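J.: Supplied in structure tokens, the structure appears directly below.
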Number of protein chains: 2
Amino acid sequence: MPPKFKRRNLPLLMLRARERVLGHFRPLLNGNGVTEQQWRIVRVLFESEPLEPREIGDLCRLSSPSLTGVLARMEEIDLVSCKRLKHDKRRVEVSLSPRGRALAARMAPRIEEIYTSLERLLGENFCRQLYGALDEMIVKLEAVENSDDG
Amino acid sequence: MPPKFKRRNLPLLMLRARERVLGHFRPLLNGNGVTEQQWRIVRVLFESEPLEPREIGDLCRLSSPSLTGVLARMEEIDLVSCKRLKHDKRRVEVSLSPRGRALAARMAPRIEEIYTSLERLLGENFCRQLYGALDEMIVKLEAVENSDDG
DNA sequence: TAAATCTCACTAATATATTAGTGATCGTTC
DNA sequence: GAACGATCACTAATATATTAGTGAGATTTA
């Protein structure tokens, strides 16, 4: 029985690889009571605060509808605080709460440890090339998305 | 303000790259009324039929709970048929329906076209190395998952 | 062969993803 | 400055993801 597809399923292959990577972080995230998506947000806010939902969505690849729920839950468990801008009532400003900031500070070194172990498993050179390849993919496959603007 | 993390968010980077790839397939999938997950299943069944849920879950990286719903919906819209095995009533056998098989046959060449255009955008050599790198990651990061068996 | 164990699909509950659409608000144009 | 178009967060509806747990049914063990 010859294969009916010449190419392997690339999105599936990328999903598999990503699952493996996430598998190394998941215990830490679960142990600290944050989901993967919540951690993405905590992480970007820890680097630069405050941010607006639209910016967070772009940085963390979360759609606007997803973001609405995620931010609501994060505010619920006191990870972030959201306040509407006075000069533009459409917009919202999101910041880490003290608890969220403490969580980020506490988790950061553990996260780095995991990256160190990943680099040991994969090799530093491999990792460098991997990041480069992913960046290159994102740039080269980006144009097509925006080509149906007009 | 120095960065607080030495490493970039690798799962996020992989998600971004995967999103770009999927962006090229999504119009075709949506146009044919199948979700990404449903297409993964149709595709593996088109290559080798029949399969059991557990096998499909492993091949397509769908958890058992997700699979239950996805397969139910696929049976609902007549893409697959599920029948329980006589000699082992725990197990189920999933096959493509005639309609599912026709869909796969009709979509296959369009899928290949998209891969061709991706290869043109990224370069054949790049793609070959990409597949290799992802395979390597999956193997090298696999051991750790199974190391907490005992 | 009865009990303990294991496998399998499935349920339950909550969190996200995806697609389409909406209302309030802002900037621009006339 | 009122109509217009654009932006923004948000809602609604459906599909998946994740984690924990269950019960029927097969397999192993005692």
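Residue numbering restarts at 1 in every chain; chains get A, B, ... in the order shown in the structure tokens, and ligands count up from 1 in that same order.
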With DSSP run on the backbone, what are the strand (DSSP E or B) residues within range 38-143 of chain B? I'd like them as a compact mmCIF listing (two decimals) with N, CA and C atoms, in the first residue's frame.
T.:
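Saved result, result-v5.txt, follows:
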```
# COMPACT_ATOMS: atom_id res chain seq x y z
N LEU B 51 -8.72 2.05 12.35
CA LEU B 51 -7.89 2.29 13.52
C LEU B 51 -8.80 2.38 14.74
N VAL B 80 -16.90 9.50 9.50
CA VAL B 80 -16.37 8.20 9.92
C VAL B 80 -17.53 7.34 10.44
N SER B 81 -17.23 6.05 10.60
CA SER B 81 -18.18 5.16 11.26
C SER B 81 -17.44 4.39 12.35
N CYS B 82 -18.07 4.24 13.48
CA CYS B 82 -17.47 3.56 14.62
C CYS B 82 -18.29 2.34 14.98
N LYS B 83 -17.61 1.20 15.10
CA LYS B 83 -18.35 0.02 15.57
C LYS B 83 -17.54 -0.71 16.63
N ARG B 84 -18.25 -1.19 17.66
CA ARG B 84 -17.59 -1.85 18.77
C ARG B 84 -17.15 -3.26 18.36
N VAL B 92 -13.15 -0.11 20.13
CA VAL B 92 -13.97 0.41 19.05
C VAL B 92 -13.11 0.48 17.80
N GLU B 93 -13.75 0.28 16.66
CA GLU B 93 -13.04 0.33 15.39
C GLU B 93 -13.57 1.50 14.58
N VAL B 94 -12.67 2.38 14.17
CA VAL B 94 -13.09 3.57 13.43
C VAL B 94 -12.65 3.47 11.98
N SER B 95 -13.58 3.70 11.07
CA SER B 95 -13.27 3.70 9.64
C SER B 95 -13.81 4.97 8.99
N LEU B 96 -13.24 5.32 7.86
CA LEU B 96 -13.79 6.42 7.08
C LEU B 96 -15.11 5.98 6.47
```
J.: Residues within 12 Å of Asp58 in chain A, please, as a list in words. Count only C-alpha atoms (C1' of nucleotides); anything in the same chain fewer than 4 positions from it doesn't count.
T.: Arg40, Ile41, Val44, Leu51, Glu52, Pro53, Arg54, Leu62, Ser63, Ser64 and Leu67 of chain A; Leu12 and Arg16 of chain B
J.: Give me a file of those residues, with N, CA and C atoms, as a PDB file, in the first residue's frame.
T.:
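The file below, part34.pdb, is the result:
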```pdb
ATOM      1  N   ARG A  40       2.284  32.591  29.966  1.00  0.00           N
ATOM      2  CA  ARG A  40       2.736  33.433  28.865  1.00  0.00           C
ATOM      3  C   ARG A  40       2.478  34.893  29.180  1.00  0.00           C
ATOM      4  N   ILE A  41       1.304  35.161  29.724  1.00  0.00           N
ATOM      5  CA  ILE A  41       0.926  36.541  30.024  1.00  0.00           C
ATOM      6  C   ILE A  41       1.744  37.086  31.194  1.00  0.00           C
ATOM      7  N   VAL A  44       5.281  37.977  29.880  1.00  0.00           N
ATOM      8  CA  VAL A  44       5.449  39.212  29.100  1.00  0.00           C
ATOM      9  C   VAL A  44       5.221  40.444  29.978  1.00  0.00           C
ATOM     10  N   LEU A  51       0.573  46.503  29.928  1.00  0.00           N
ATOM     11  CA  LEU A  51       0.257  46.247  28.529  1.00  0.00           C
ATOM     12  C   LEU A  51      -1.262  46.249  28.355  1.00  0.00           C
ATOM     13  N   GLU A  52      -1.690  46.508  27.119  1.00  0.00           N
ATOM     14  CA  GLU A  52      -3.119  46.457  26.835  1.00  0.00           C
ATOM     15  C   GLU A  52      -3.460  45.091  26.239  1.00  0.00           C
ATOM     16  N   PRO A  53      -4.703  44.652  26.394  1.00  0.00           N
ATOM     17  CA  PRO A  53      -5.118  43.328  25.928  1.00  0.00           C
ATOM     18  C   PRO A  53      -4.684  43.047  24.488  1.00  0.00           C
ATOM     19  N   ARG A  54      -4.879  44.017  23.625  1.00  0.00           N
ATOM     20  CA  ARG A  54      -4.505  43.864  22.227  1.00  0.00           C
ATOM     21  C   ARG A  54      -3.010  43.558  22.082  1.00  0.00           C
ATOM     22  N   LEU A  62      -2.730  35.086  21.703  1.00  0.00           N
ATOM     23  CA  LEU A  62      -4.036  34.723  22.253  1.00  0.00           C
ATOM     24  C   LEU A  62      -5.070  35.586  21.557  1.00  0.00           C
ATOM     25  N   SER A  63      -6.113  34.947  21.059  1.00  0.00           N
ATOM     26  CA  SER A  63      -7.154  35.694  20.363  1.00  0.00           C
ATOM     27  C   SER A  63      -7.918  36.535  21.367  1.00  0.00           C
ATOM     28  N   SER A  64      -8.554  37.552  20.862  1.00  0.00           N
ATOM     29  CA  SER A  64      -9.298  38.461  21.720  1.00  0.00           C
ATOM     30  C   SER A  64     -10.344  37.741  22.568  1.00  0.00           C
ATOM     31  N   LEU A  67      -8.578  35.811  25.267  1.00  0.00           N
ATOM     32  CA  LEU A  67      -7.958  36.734  26.208  1.00  0.00           C
ATOM     33  C   LEU A  67      -8.960  37.266  27.230  1.00  0.00           C
TER      34      LEU A  67
ATOM     35  N   LEU B  12       6.187  29.277  22.988  1.00  0.00           N
ATOM     36  CA  LEU B  12       5.491  30.350  22.284  1.00  0.00           C
ATOM     37  C   LEU B  12       6.034  30.521  20.875  1.00  0.00           C
ATOM     38  N   ARG B  16       3.943  30.128  17.425  1.00  0.00           N
ATOM     39  CA  ARG B  16       3.907  31.131  16.369  1.00  0.00           C
ATOM     40  C   ARG B  16       4.202  30.512  15.008  1.00  0.00           C
TER      41      ARG B  16
END
```
J.: Show me, as a PDB file with N, CA and C atoms (P, O5', C5', C4', C3', O3' and C1' of nucleotides), in the first residue's frame, the residues of chain C whose atoms get within 8 Å of chain A, using only C-alpha atoms (C1' of nucleotides) for the distance check.
T.:
```pdb
ATOM      1  P    DT C  16      -7.121  29.425  30.845  1.00  0.00           P
ATOM      2  O5'  DT C  16      -6.832  29.110  29.301  1.00  0.00           O
ATOM      3  C5'  DT C  16      -7.828  28.532  28.536  1.00  0.00           C
ATOM      4  C4'  DT C  16      -7.273  28.036  27.225  1.00  0.00           C
ATOM      5  C3'  DT C  16      -7.069  29.122  26.176  1.00  0.00           C
ATOM      6  O3'  DT C  16      -6.153  28.652  25.186  1.00  0.00           O
ATOM      7  C1'  DT C  16      -8.949  27.812  25.618  1.00  0.00           C
ATOM      8  P    DA C  17      -5.920  29.463  23.824  1.00  0.00           P
ATOM      9  O5'  DA C  17      -6.957  28.790  22.822  1.00  0.00           O
ATOM     10  C5'  DA C  17      -6.703  27.481  22.333  1.00  0.00           C
ATOM     11  C4'  DA C  17      -7.450  27.243  21.025  1.00  0.00           C
ATOM     12  C3'  DA C  17      -7.315  28.348  19.981  1.00  0.00           C
ATOM     13  O3'  DA C  17      -7.256  27.731  18.703  1.00  0.00           O
ATOM     14  C1'  DA C  17      -9.593  28.109  20.561  1.00  0.00           C
ATOM     15  P    DA C  24     -24.271  50.721  23.341  1.00  0.00           P
ATOM     16  O5'  DA C  24     -22.901  51.358  23.838  1.00  0.00           O
ATOM     17  C5'  DA C  24     -22.145  50.667  24.817  1.00  0.00           C
ATOM     18  C4'  DA C  24     -20.707  51.159  24.796  1.00  0.00           C
ATOM     19  C3'  DA C  24     -20.570  52.682  24.778  1.00  0.00           C
ATOM     20  O3'  DA C  24     -19.577  53.058  25.724  1.00  0.00           O
ATOM     21  C1'  DA C  24     -19.384  51.748  22.953  1.00  0.00           C
ATOM     22  P    DT C  25     -19.345  54.613  25.975  1.00  0.00           P
ATOM     23  O5'  DT C  25     -18.084  54.933  25.051  1.00  0.00           O
ATOM     24  C5'  DT C  25     -16.930  54.113  25.144  1.00  0.00           C
ATOM     25  C4'  DT C  25     -15.966  54.468  24.036  1.00  0.00           C
ATOM     26  C3'  DT C  25     -15.695  55.970  23.860  1.00  0.00           C
ATOM     27  O3'  DT C  25     -14.310  56.179  23.998  1.00  0.00           O
ATOM     28  C1'  DT C  25     -16.025  54.912  21.793  1.00  0.00           C
ATOM     29  P    DC C  26     -13.738  57.643  24.251  1.00  0.00           P
ATOM     30  O5'  DC C  26     -12.890  57.914  22.931  1.00  0.00           O
ATOM     31  C5'  DC C  26     -11.850  56.998  22.580  1.00  0.00           C
ATOM     32  C4'  DC C  26     -11.537  57.112  21.101  1.00  0.00           C
ATOM     33  C3'  DC C  26     -11.196  58.522  20.627  1.00  0.00           C
ATOM     34  O3'  DC C  26      -9.828  58.574  20.255  1.00  0.00           O
ATOM     35  C1'  DC C  26     -12.650  57.384  19.107  1.00  0.00           C
TER      36       DC C  26
END
```
J.: List every residue of chain B that has an atom at most 6 Å from any atom of chain A, and for each one report the closest atom pair and its distance in Å to one decimal, counting only C-alpha atoms, with rows sorted by chain and then by increasing residue number, as a tab-separated table.
T.:
```
residue	atom	partner	partner_atom	distance
B:Ala17	CA	A:Ile138	CA	5.2
B:Arg20	CA	A:Leu141	CA	5.9
B:Leu134	CA	A:Ala17	CA	5.9
B:Ile138	CA	A:Ala17	CA	5.2
B:Leu141	CA	A:Arg20	CA	5.9
```
J.: Would you mind exporting the chosen residues as a compact mmCIF listing (two decimals), in the first residue's frame, restricted to C-alpha atoms?
T.:
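Written file, part-v3.txt:
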```
# COMPACT_ATOMS: atom_id res chain seq x y z
CA ALA B 17 5.69 29.13 13.69
CA ARG B 20 1.96 30.44 10.29
CA LEU B 134 11.67 18.21 14.79
CA ILE B 138 10.81 14.46 19.67
CA LEU B 141 12.93 14.96 24.69
```
J.: What residues in range 59-141 of chain B get the DSSP label helix (DSSP H, G or I)? Please answer as number ranges by chain.
T.: B: 59-60, 64-76, 98-122, 124-140
J.: How would the residues just picked look written out with C-alpha atoms as a short mmCIF file (atom, residue, chain, number, x, y, z; two decimals), in the first residue's frame?
T.:
```cif
data_model
loop_
_atom_site.label_atom_id
_atom_site.label_comp_id
_atom_site.auth_asym_id
_atom_site.auth_seq_id
_atom_site.Cartn_x
_atom_site.Cartn_y
_atom_site.Cartn_z
CA LEU B 59 -1.03 9.16 15.90
CA CYS B 60 -2.88 12.49 15.92
CA SER B 64 -8.89 10.45 24.96
CA PRO B 65 -11.48 12.98 26.19
CA SER B 66 -10.98 15.20 23.14
CA LEU B 67 -11.18 12.22 20.87
CA THR B 68 -14.52 11.11 22.27
CA GLY B 69 -16.11 14.39 21.23
CA VAL B 70 -14.31 14.76 17.92
CA LEU B 71 -15.21 11.25 16.78
CA ALA B 72 -18.82 11.71 17.85
CA ARG B 73 -19.08 14.88 15.79
CA MET B 74 -17.33 13.24 12.84
CA GLU B 75 -19.79 10.36 12.96
CA GLU B 76 -22.61 12.91 13.21
CA PRO B 98 -17.60 6.74 1.87
CA ARG B 99 -18.13 10.46 2.23
CA GLY B 100 -15.03 10.77 4.42
CA ARG B 101 -12.97 8.81 1.95
CA ALA B 102 -14.21 10.94 -0.93
CA LEU B 103 -13.35 14.08 1.02
CA ALA B 104 -9.83 12.82 1.68
CA ALA B 105 -9.32 11.91 -1.96
CA ARG B 106 -10.59 15.27 -3.09
CA MET B 107 -8.51 17.26 -0.61
CA ALA B 108 -5.25 15.32 -0.89
CA PRO B 109 -3.98 17.03 -4.06
CA ARG B 110 -4.87 20.47 -2.69
CA ILE B 111 -2.94 19.67 0.45
CA GLU B 112 0.06 18.66 -1.63
CA GLU B 113 -0.15 21.92 -3.53
CA ILE B 114 0.05 23.83 -0.27
CA TYR B 115 3.13 21.86 0.76
CA THR B 116 4.68 22.69 -2.57
CA SER B 117 4.09 26.38 -2.02
CA LEU B 118 5.49 26.13 1.52
CA GLU B 119 8.59 24.43 0.17
CA ARG B 120 8.97 27.21 -2.36
CA LEU B 121 8.71 29.84 0.37
CA LEU B 122 11.07 28.13 2.80
CA GLU B 124 13.59 22.53 0.06
CA ASN B 125 16.79 22.23 2.01
CA PHE B 126 15.34 24.23 4.87
CA CYS B 127 12.28 21.99 4.97
CA ARG B 128 14.33 18.82 4.98
CA GLN B 129 16.41 20.10 7.88
CA LEU B 130 13.27 21.28 9.67
CA TYR B 131 11.63 17.87 9.57
CA GLY B 132 14.87 16.33 10.74
CA ALA B 133 15.24 18.76 13.62
CA LEU B 134 11.67 18.21 14.79
CA ASP B 135 12.10 14.44 14.65
CA GLU B 136 15.30 14.75 16.62
CA MET B 137 13.63 16.91 19.24
CA ILE B 138 10.81 14.46 19.67
CA VAL B 139 13.21 11.59 20.21
CA LYS B 140 15.59 13.42 22.50
#
```
J.: Taking only C-alpha atoms (C1' of nucleotides) into account, which of B:Val42, B:Val34, B:Ile56, B:Leu28 comes nearest chain D?
T.: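 Answer, going by the shortest atom-to-atom distance: B:Val34.
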J.: With only C-alpha atoms (C1' of nucleotides) considered, list every residue of chain D at most 12 Å from chain A, as a short mmCIF file (atom, residue, chain, number, x, y, z; two decimals) with N, CA and C atoms (P, O5', C5', C4', C3', O3' and C1' of nucleotides), in the first residue's frame.
T.:
```
data_model
loop_
_atom_site.label_atom_id
_atom_site.label_comp_id
_atom_site.auth_asym_id
_atom_site.auth_seq_id
_atom_site.Cartn_x
_atom_site.Cartn_y
_atom_site.Cartn_z
P DT D 7 -8.65 50.35 11.93
"O5'" DT D 7 -8.92 50.39 13.51
"C5'" DT D 7 -8.72 51.61 14.21
"C4'" DT D 7 -9.05 51.41 15.68
"C3'" DT D 7 -8.60 50.07 16.25
"O3'" DT D 7 -7.91 50.33 17.47
"C1'" DT D 7 -10.86 50.45 16.76
P DC D 8 -6.95 49.21 18.12
"O5'" DC D 8 -7.80 48.73 19.36
"C5'" DC D 8 -8.22 49.68 20.34
"C4'" DC D 8 -9.37 49.12 21.12
"C3'" DC D 8 -9.17 47.70 21.60
"O3'" DC D 8 -8.74 47.72 22.96
"C1'" DC D 8 -11.42 48.13 20.86
P DA D 9 -8.12 46.38 23.63
"O5'" DA D 9 -9.41 45.77 24.34
"C5'" DA D 9 -10.03 46.51 25.39
"C4'" DA D 9 -11.47 46.10 25.53
"C3'" DA D 9 -11.69 44.73 26.17
"O3'" DA D 9 -12.47 44.89 27.34
"C1'" DA D 9 -13.00 44.97 24.20
P DC D 10 -12.75 43.60 28.27
"O5'" DC D 10 -14.08 42.95 27.66
"C5'" DC D 10 -15.25 43.77 27.51
"C4'" DC D 10 -16.26 43.08 26.63
"C3'" DC D 10 -16.60 41.64 27.01
"O3'" DC D 10 -17.84 41.62 27.69
"C1'" DC D 10 -16.51 41.99 24.65
P DT D 11 -18.39 40.21 28.24
"O5'" DT D 11 -19.36 39.69 27.09
"C5'" DT D 11 -20.39 40.53 26.60
"C4'" DT D 11 -21.16 39.81 25.50
"C3'" DT D 11 -21.62 38.40 25.85
"O3'" DT D 11 -23.00 38.29 25.52
"C1'" DT D 11 -20.45 38.38 23.80
P DA D 12 -23.83 37.02 25.96
"O5'" DA D 12 -23.78 36.08 24.67
"C5'" DA D 12 -23.99 36.64 23.39
"C4'" DA D 12 -24.05 35.55 22.33
"C3'" DA D 12 -24.36 34.15 22.86
"O3'" DA D 12 -25.21 33.51 21.92
"C1'" DA D 12 -22.27 34.12 21.74
P DA D 17 -7.61 19.30 20.78
"O5'" DA D 17 -7.54 20.00 22.21
"C5'" DA D 17 -6.94 21.28 22.33
"C4'" DA D 17 -6.47 21.52 23.74
"C3'" DA D 17 -5.67 20.39 24.38
"O3'" DA D 17 -4.65 20.97 25.19
"C1'" DA D 17 -7.62 20.78 25.66
P DT D 18 -3.53 20.07 25.89
"O5'" DT D 18 -4.07 19.93 27.37
"C5'" DT D 18 -4.26 21.11 28.15
"C4'" DT D 18 -4.84 20.74 29.49
"C3'" DT D 18 -4.21 19.49 30.14
"O3'" DT D 18 -3.70 19.89 31.39
"C1'" DT D 18 -6.58 19.43 30.24
P DT D 19 -2.66 18.92 32.16
"O5'" DT D 19 -3.55 18.35 33.35
"C5'" DT D 19 -4.33 19.26 34.13
"C4'" DT D 19 -5.37 18.50 34.93
"C3'" DT D 19 -4.90 17.15 35.49
"O3'" DT D 19 -4.90 17.22 36.91
"C1'" DT D 19 -7.07 16.99 34.51
#
```
J.: How many Å lie between CA of Leu79 in chain A and CA of Glu55 in chain A, rounded to one decimal?
T.: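 Computed distance, CA of Leu79 in chain A to CA of Glu55 in chain A, equals 17.7 Å.
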